[in-house]
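Chemist: mmCIF, C-alpha atoms, file query_5.cif:
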```cif
data_work
loop_
_atom_site.label_atom_id
_atom_site.label_comp_id
_atom_site.auth_asym_id
_atom_site.auth_seq_id
_atom_site.Cartn_x
_atom_site.Cartn_y
_atom_site.Cartn_z
CA MET Y 262 -19.20 32.59 -51.86
CA ALA Y 263 -17.27 29.51 -50.66
CA GLN Y 264 -20.21 27.24 -51.53
CA GLN Y 265 -20.37 28.70 -55.03
CA ILE Y 266 -16.66 28.16 -55.56
CA LYS Y 267 -16.91 24.56 -54.37
CA HIS Y 268 -19.92 23.96 -56.63
CA TYR Y 269 -18.08 25.17 -59.74
CA GLU Y 270 -14.91 23.34 -58.81
CA ASN Y 271 -16.95 20.14 -58.49
CA LYS Y 272 -18.61 20.68 -61.86
CA LEU Y 273 -15.24 21.11 -63.56
CA ALA Y 274 -13.87 18.05 -61.75
CA PHE Y 275 -16.59 15.85 -63.23
CA GLU Y 276 -17.51 17.44 -66.59
CA MET Y 277 -15.69 18.49 -69.75
CA ASP Y 278 -16.93 20.37 -72.78
CA PRO Y 279 -16.19 19.40 -76.41
CA SER Y 280 -13.55 22.12 -76.80
CA ASP Y 281 -11.60 20.89 -73.77
CA LEU Y 282 -11.83 17.28 -74.97
CA PHE Y 283 -10.70 18.25 -78.47
CA ASP Y 284 -7.71 20.16 -77.07
CA ALA Y 285 -6.78 17.29 -74.74
CA LEU Y 286 -6.92 14.77 -77.59
CA ASN Y 287 -4.85 17.02 -79.85
CA ASN Y 288 -2.29 17.53 -77.07
CA GLU Y 289 -2.05 13.74 -76.71
CA GLU Y 290 -2.99 13.85 -73.04
CA LYS Y 291 -3.72 10.57 -71.29
CA ILE Y 292 -7.41 10.72 -72.14
CA ILE Y 293 -9.85 8.52 -74.03
CA ALA Y 294 -13.35 9.36 -75.24
CA LEU Y 295 -15.68 6.53 -74.24
CA ASP Y 296 -18.98 6.17 -76.08
CA ALA Y 297 -21.47 4.73 -73.60
CA ARG Y 298 -24.22 4.15 -76.20
CA LYS Y 299 -25.18 0.84 -77.76
CA SER Y 300 -22.82 -0.41 -80.48
CA PHE Y 301 -25.12 0.52 -83.40
CA GLY Y 302 -24.94 4.18 -82.35
CA PHE Y 303 -21.16 4.02 -82.10
CA GLU Y 304 -20.84 2.30 -85.47
CA ALA Y 305 -22.96 4.98 -87.13
CA GLU Y 306 -21.04 7.91 -85.68
CA HIS Y 307 -18.52 8.52 -82.93
CA ILE Y 308 -15.77 10.84 -81.81
CA PRO Y 309 -12.49 9.98 -83.59
CA ASN Y 310 -10.42 7.35 -81.77
CA ALA Y 311 -13.18 6.79 -79.20
CA ILE Y 312 -13.83 3.38 -77.72
CA ASN Y 313 -17.27 1.90 -77.19
CA ILE Y 314 -18.48 0.17 -74.06
CA PRO Y 315 -22.25 0.50 -73.68
CA HIS Y 316 -23.09 1.52 -70.12
CA ARG Y 317 -25.27 -1.58 -69.69
CA GLU Y 318 -22.24 -3.76 -70.42
CA MET Y 319 -19.69 -2.03 -68.19
CA ASN Y 320 -18.35 -4.44 -65.60
CA GLU Y 321 -15.04 -5.85 -64.32
CA GLU Y 322 -14.78 -8.20 -67.30
CA SER Y 323 -15.60 -5.71 -70.07
CA THR Y 324 -13.18 -3.10 -68.68
CA LYS Y 325 -10.30 -5.32 -67.53
CA HIS Y 326 -8.18 -4.34 -70.56
CA LEU Y 327 -8.43 -0.60 -69.80
CA ASP Y 328 -5.67 1.44 -68.15
CA LYS Y 329 -6.80 2.92 -64.83
CA THR Y 330 -4.22 5.72 -65.06
CA ILE Y 331 -6.02 7.27 -68.04
CA LEU Y 332 -8.94 9.70 -67.83
CA TYR Y 333 -12.05 8.42 -69.60
CA VAL Y 334 -14.59 10.95 -70.88
CA THR Y 335 -17.97 9.31 -71.32
CA TYR Y 336 -20.44 10.58 -73.86
CA CYS Y 337 -23.76 9.69 -75.49
CA ASP Y 338 -26.14 11.41 -77.92
CA GLY Y 339 -26.59 14.64 -76.01
CA ILE Y 340 -28.68 16.39 -73.39
CA GLY Y 341 -31.71 14.17 -74.02
CA CYS Y 342 -29.74 11.01 -73.22
CA ASN Y 343 -28.24 9.91 -69.92
CA ALA Y 344 -26.08 7.00 -71.11
CA SER Y 345 -22.97 9.11 -70.47
CA THR Y 346 -24.05 9.75 -66.87
CA LYS Y 347 -24.76 6.05 -66.32
CA GLY Y 348 -21.45 5.18 -67.97
CA ALA Y 349 -19.51 7.69 -65.84
CA LEU Y 350 -21.13 6.29 -62.70
CA ASN Y 351 -20.30 2.71 -63.71
CA MET Y 352 -16.70 3.58 -64.57
CA ALA Y 353 -16.21 5.44 -61.28
CA LYS Y 354 -17.60 2.46 -59.36
CA LEU Y 355 -15.09 0.27 -61.22
CA GLY Y 356 -12.22 2.49 -60.07
CA PHE Y 357 -11.58 4.55 -63.21
CA LYS Y 358 -10.91 8.28 -63.45
CA VAL Y 359 -13.83 9.64 -65.42
CA LYS Y 360 -15.53 12.82 -66.58
CA GLU Y 361 -18.71 13.31 -68.56
CA LEU Y 362 -18.79 15.19 -71.86
CA ILE Y 363 -21.26 18.06 -71.74
CA GLY Y 364 -23.73 17.86 -74.63
CA GLY Y 365 -22.51 14.53 -75.97
CA ILE Y 366 -21.74 13.90 -79.61
CA GLU Y 367 -24.36 16.45 -80.69
CA TRP Y 368 -22.47 19.33 -79.06
CA TRP Y 369 -19.21 17.84 -80.35
CA LYS Y 370 -20.60 18.20 -83.90
CA PHE Y 371 -22.19 21.58 -83.09
CA ASP Y 372 -18.70 22.86 -82.25
CA GLY Y 373 -17.53 21.76 -85.70
CA TYR Y 374 -15.50 18.67 -84.87
CA ALA Y 375 -15.30 15.65 -87.17
CA THR Y 376 -16.85 12.29 -86.43
CA GLU Y 377 -16.08 8.78 -87.66
CA GLY Y 378 -18.37 5.90 -88.57
CA THR Y 379 -20.80 4.99 -91.33
CA LYS Y 380 -22.49 8.38 -90.90
CA GLY Y 381 -19.35 10.30 -89.94
CA LYS Y 382 -19.20 14.02 -90.64
CA THR Y 383 -16.30 16.15 -91.77
CA GLY Y 384 -15.10 18.87 -89.51
CA GLN Y 385 -12.02 19.88 -87.62
CA GLY Y 386 -10.07 16.68 -87.09
CA ILE Y 387 -7.77 15.50 -84.37
CA GLU Y 388 -4.20 15.72 -85.59
CA CYS Y 389 -1.20 13.75 -84.47
CA ALA Y 390 1.93 15.82 -83.89
CA CYS Y 391 4.28 12.91 -84.64
#
```
What would you get if you wrote out this structure as C-alpha coordinates?

Modeler:
Amino acid sequence: MAQQIKHYENKLAFEMDPSDLFDALNNEEKIIALDARKSFGFEAEHIPNAINIPHREMNEESTKHLDKTILYVTYCDGIGCNASTKGALNMAKLGFKVKELIGGIEWWKFDGYATEGTKGKTGQGIECAC
(Lines of atoms letter the chains of each structure in order from A and count residues from 1; the text may use other names and numbers.)
(Lines give C-alpha, C1' and ligand atoms only; values in the text may rest on other atoms or scores of the structure.)
Protein backbone atom coordinates (compact mmCIF):
# COMPACT_ATOMS: atom_id res chain seq x y z
CA MET A 1 0.00 0.00 0.00
CA ALA A 2 2.80 2.45 0.86
CA GLN A 3 4.41 1.93 -2.55
CA GLN A 4 1.11 2.64 -4.28
CA ILE A 5 0.62 5.83 -2.31
CA LYS A 6 4.14 7.00 -3.13
CA HIS A 7 3.61 6.19 -6.82
CA TYR A 8 0.44 8.29 -7.04
CA GLU A 9 1.94 11.11 -5.02
CA ASN A 10 4.88 11.17 -7.44
CA LYS A 11 2.58 11.23 -10.47
CA LEU A 12 0.67 14.20 -9.07
CA ALA A 13 3.92 15.97 -8.20
CA PHE A 14 5.06 15.84 -11.82
CA GLU A 15 1.86 15.87 -13.92
CA MET A 16 -1.21 18.07 -14.26
CA ASP A 17 -4.38 17.57 -16.26
CA PRO A 18 -6.06 20.27 -18.40
CA SER A 19 -8.77 20.91 -15.79
CA ASP A 20 -6.20 21.58 -13.06
CA LEU A 21 -4.20 23.86 -15.37
CA PHE A 22 -7.32 25.76 -16.40
CA ASP A 23 -8.33 26.26 -12.77
CA ALA A 24 -4.82 27.38 -11.79
CA LEU A 25 -4.70 29.89 -14.64
CA ASN A 26 -8.15 31.24 -13.78
CA ASN A 27 -7.16 31.54 -10.11
CA GLU A 28 -4.10 33.54 -11.19
CA GLU A 29 -1.71 31.13 -9.49
CA LYS A 30 2.00 31.53 -10.17
CA ILE A 31 1.91 29.19 -13.14
CA ILE A 32 2.74 29.45 -16.83
CA ALA A 33 1.86 27.05 -19.64
CA LEU A 34 4.99 26.40 -21.69
CA ASP A 35 4.60 25.05 -25.21
CA ALA A 36 7.64 22.89 -25.92
CA ARG A 37 6.85 22.41 -29.63
CA LYS A 38 8.51 24.16 -32.53
CA SER A 39 7.37 27.75 -33.11
CA PHE A 40 5.16 26.94 -36.14
CA GLY A 41 3.03 24.67 -33.94
CA PHE A 42 2.74 27.36 -31.29
CA GLU A 43 1.85 30.03 -33.84
CA ALA A 44 -0.91 27.84 -35.28
CA GLU A 45 -2.51 27.03 -31.93
CA HIS A 46 -1.60 27.27 -28.27
CA ILE A 47 -3.06 27.52 -24.80
CA PRO A 48 -4.04 31.14 -24.02
CA ASN A 49 -1.20 33.18 -22.50
CA ALA A 50 1.27 30.32 -22.98
CA ILE A 51 4.89 30.97 -23.83
CA ASN A 52 6.87 29.03 -26.40
CA ILE A 53 10.35 27.64 -25.94
CA PRO A 54 10.91 24.59 -28.14
CA HIS A 55 12.53 21.83 -26.08
CA ARG A 56 15.48 21.69 -28.50
CA GLU A 57 16.21 25.35 -27.74
CA MET A 58 15.93 25.26 -23.95
CA ASN A 59 19.19 26.31 -22.36
CA GLU A 60 20.58 28.84 -19.86
CA GLU A 61 20.43 31.63 -22.46
CA SER A 62 16.90 30.99 -23.78
CA THR A 63 15.44 30.73 -20.26
CA LYS A 64 17.42 33.44 -18.44
CA HIS A 65 14.44 35.83 -18.52
CA LEU A 66 12.12 33.33 -16.76
CA ASP A 67 11.21 33.50 -13.08
CA LYS A 68 12.36 30.40 -11.19
CA THR A 69 9.71 30.89 -8.50
CA ILE A 70 6.91 30.14 -10.98
CA LEU A 71 5.65 26.67 -11.88
CA TYR A 72 5.96 25.91 -15.60
CA VAL A 73 3.62 23.34 -17.14
CA THR A 74 5.09 21.97 -20.34
CA TYR A 75 2.89 20.67 -23.11
CA CYS A 76 3.03 19.50 -26.72
CA ASP A 77 0.54 17.99 -29.19
CA GLY A 78 -0.62 15.10 -27.05
CA ILE A 79 0.03 11.50 -26.15
CA GLY A 80 1.77 10.76 -29.47
CA CYS A 81 4.37 13.47 -28.85
CA ASN A 82 7.08 13.63 -26.20
CA ALA A 83 8.20 17.25 -26.60
CA SER A 84 6.53 18.08 -23.28
CA THR A 85 8.51 15.34 -21.51
CA LYS A 86 11.76 16.52 -23.09
CA GLY A 87 10.87 20.11 -22.21
CA ALA A 88 10.03 19.21 -18.60
CA LEU A 89 13.33 17.35 -18.27
CA ASN A 90 15.27 20.29 -19.73
CA MET A 91 13.52 22.82 -17.49
CA ALA A 92 14.13 20.69 -14.38
CA LYS A 93 17.82 20.38 -15.28
CA LEU A 94 17.92 24.18 -15.59
CA GLY A 95 16.53 24.55 -12.06
CA PHE A 96 12.88 25.37 -12.79
CA LYS A 97 9.80 24.01 -11.04
CA VAL A 98 7.96 22.08 -13.73
CA LYS A 99 5.07 19.72 -14.37
CA GLU A 100 3.92 18.08 -17.58
CA LEU A 101 0.41 18.54 -18.95
CA ILE A 102 -1.31 15.20 -19.44
CA GLY A 103 -2.62 14.84 -23.00
CA GLY A 104 -1.13 18.07 -24.30
CA ILE A 105 -3.08 20.62 -26.30
CA GLU A 106 -5.31 17.89 -27.75
CA TRP A 107 -6.74 16.99 -24.34
CA TRP A 108 -6.92 20.71 -23.51
CA LYS A 109 -9.23 21.13 -26.53
CA PHE A 110 -11.05 17.85 -25.79
CA ASP A 111 -12.01 19.30 -22.40
CA GLY A 112 -13.54 22.29 -24.19
CA TYR A 113 -10.98 25.00 -23.49
CA ALA A 114 -10.18 27.77 -25.96
CA THR A 115 -6.93 28.08 -27.86
CA GLU A 116 -5.17 31.04 -29.47
CA GLY A 117 -3.22 31.32 -32.71
CA THR A 118 -3.91 31.31 -36.43
CA LYS A 119 -5.95 28.11 -35.99
CA GLY A 120 -7.27 28.93 -32.51
CA LYS A 121 -10.56 27.41 -31.41
CA THR A 122 -13.33 28.88 -29.33
CA GLY A 123 -14.14 27.30 -26.04
CA GLN A 124 -14.17 28.11 -22.38
CA GLY A 125 -11.71 30.96 -21.97
CA ILE A 126 -9.43 31.99 -19.16
CA GLU A 127 -10.91 35.00 -17.42
CA CYS A 128 -9.16 37.68 -15.45
CA ALA A 129 -10.83 38.58 -12.16
CA CYS A 130 -9.46 42.14 -12.16

Chemist: Exactly which residues make up the result of the PyMOL selection byres ((chain Y and resi 308-320) around 7) on this file, given as a list in words?

Modeler: Ile293, Ala294, Leu295, Asp296, Ala297, Arg298, Lys299, Ser300, Phe303, His307, Glu321, Glu322, Ser323, Thr324, Ala344, Lys347, Gly348, Asn351, Thr376 and Glu377 of chain Y

Chemist: Find the spatial neighbours of segment 265-280 of chain Y, counting only C-alpha atoms, within a cut-off of 6 Å - ignore same-chain residues fewer than 2 positions away - and output them as JSON, numbers by chain.

Modeler: {"Y": [262, 263, 282, 283, 360, 361, 362, 363, 369]}

Chemist: To one decimal in Å, tell me the separation between atom CA of Ala349 of chain Y and atom CA of Thr335 of chain Y.

Modeler: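 Separation of atom CA of Ala349 of chain Y and atom CA of Thr335 of chain Y: 5.9 Å.
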
Chemist: With distances taken over all atoms listed in the file, which of Y:Asp328, Y:Asp338, Y:Asp284, Y:Glu290 is nearest to Ala305 of chain Y?

Modeler: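 Of the candidates, the smallest distance to Ala305 of chain Y is held by Y:Asp338.
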
Chemist: So the first atom is atom CA of Ala353 of chain Y and the second is atom CA of Glu289 of chain Y; what is the distance between them in Å, to one decimal place?

Modeler: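 According to the coordinates, atom CA of Ala353 of chain Y and atom CA of Glu289 of chain Y are separated by 22.5 Å.
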
Chemist: I need the residue nearest Gly381 of chain Y from this list: Y:Glu304, Y:Leu332, Y:Trp368, Y:Leu355. Use all atoms listed in the file for the distance.

Modeler: Y:Glu304

Chemist: In Å, rounded to a single decimal, give me how far atom CA of Lys291 of chain Y is from atom CA of Phe357 of chain Y.

Modeler: 12.8 Å
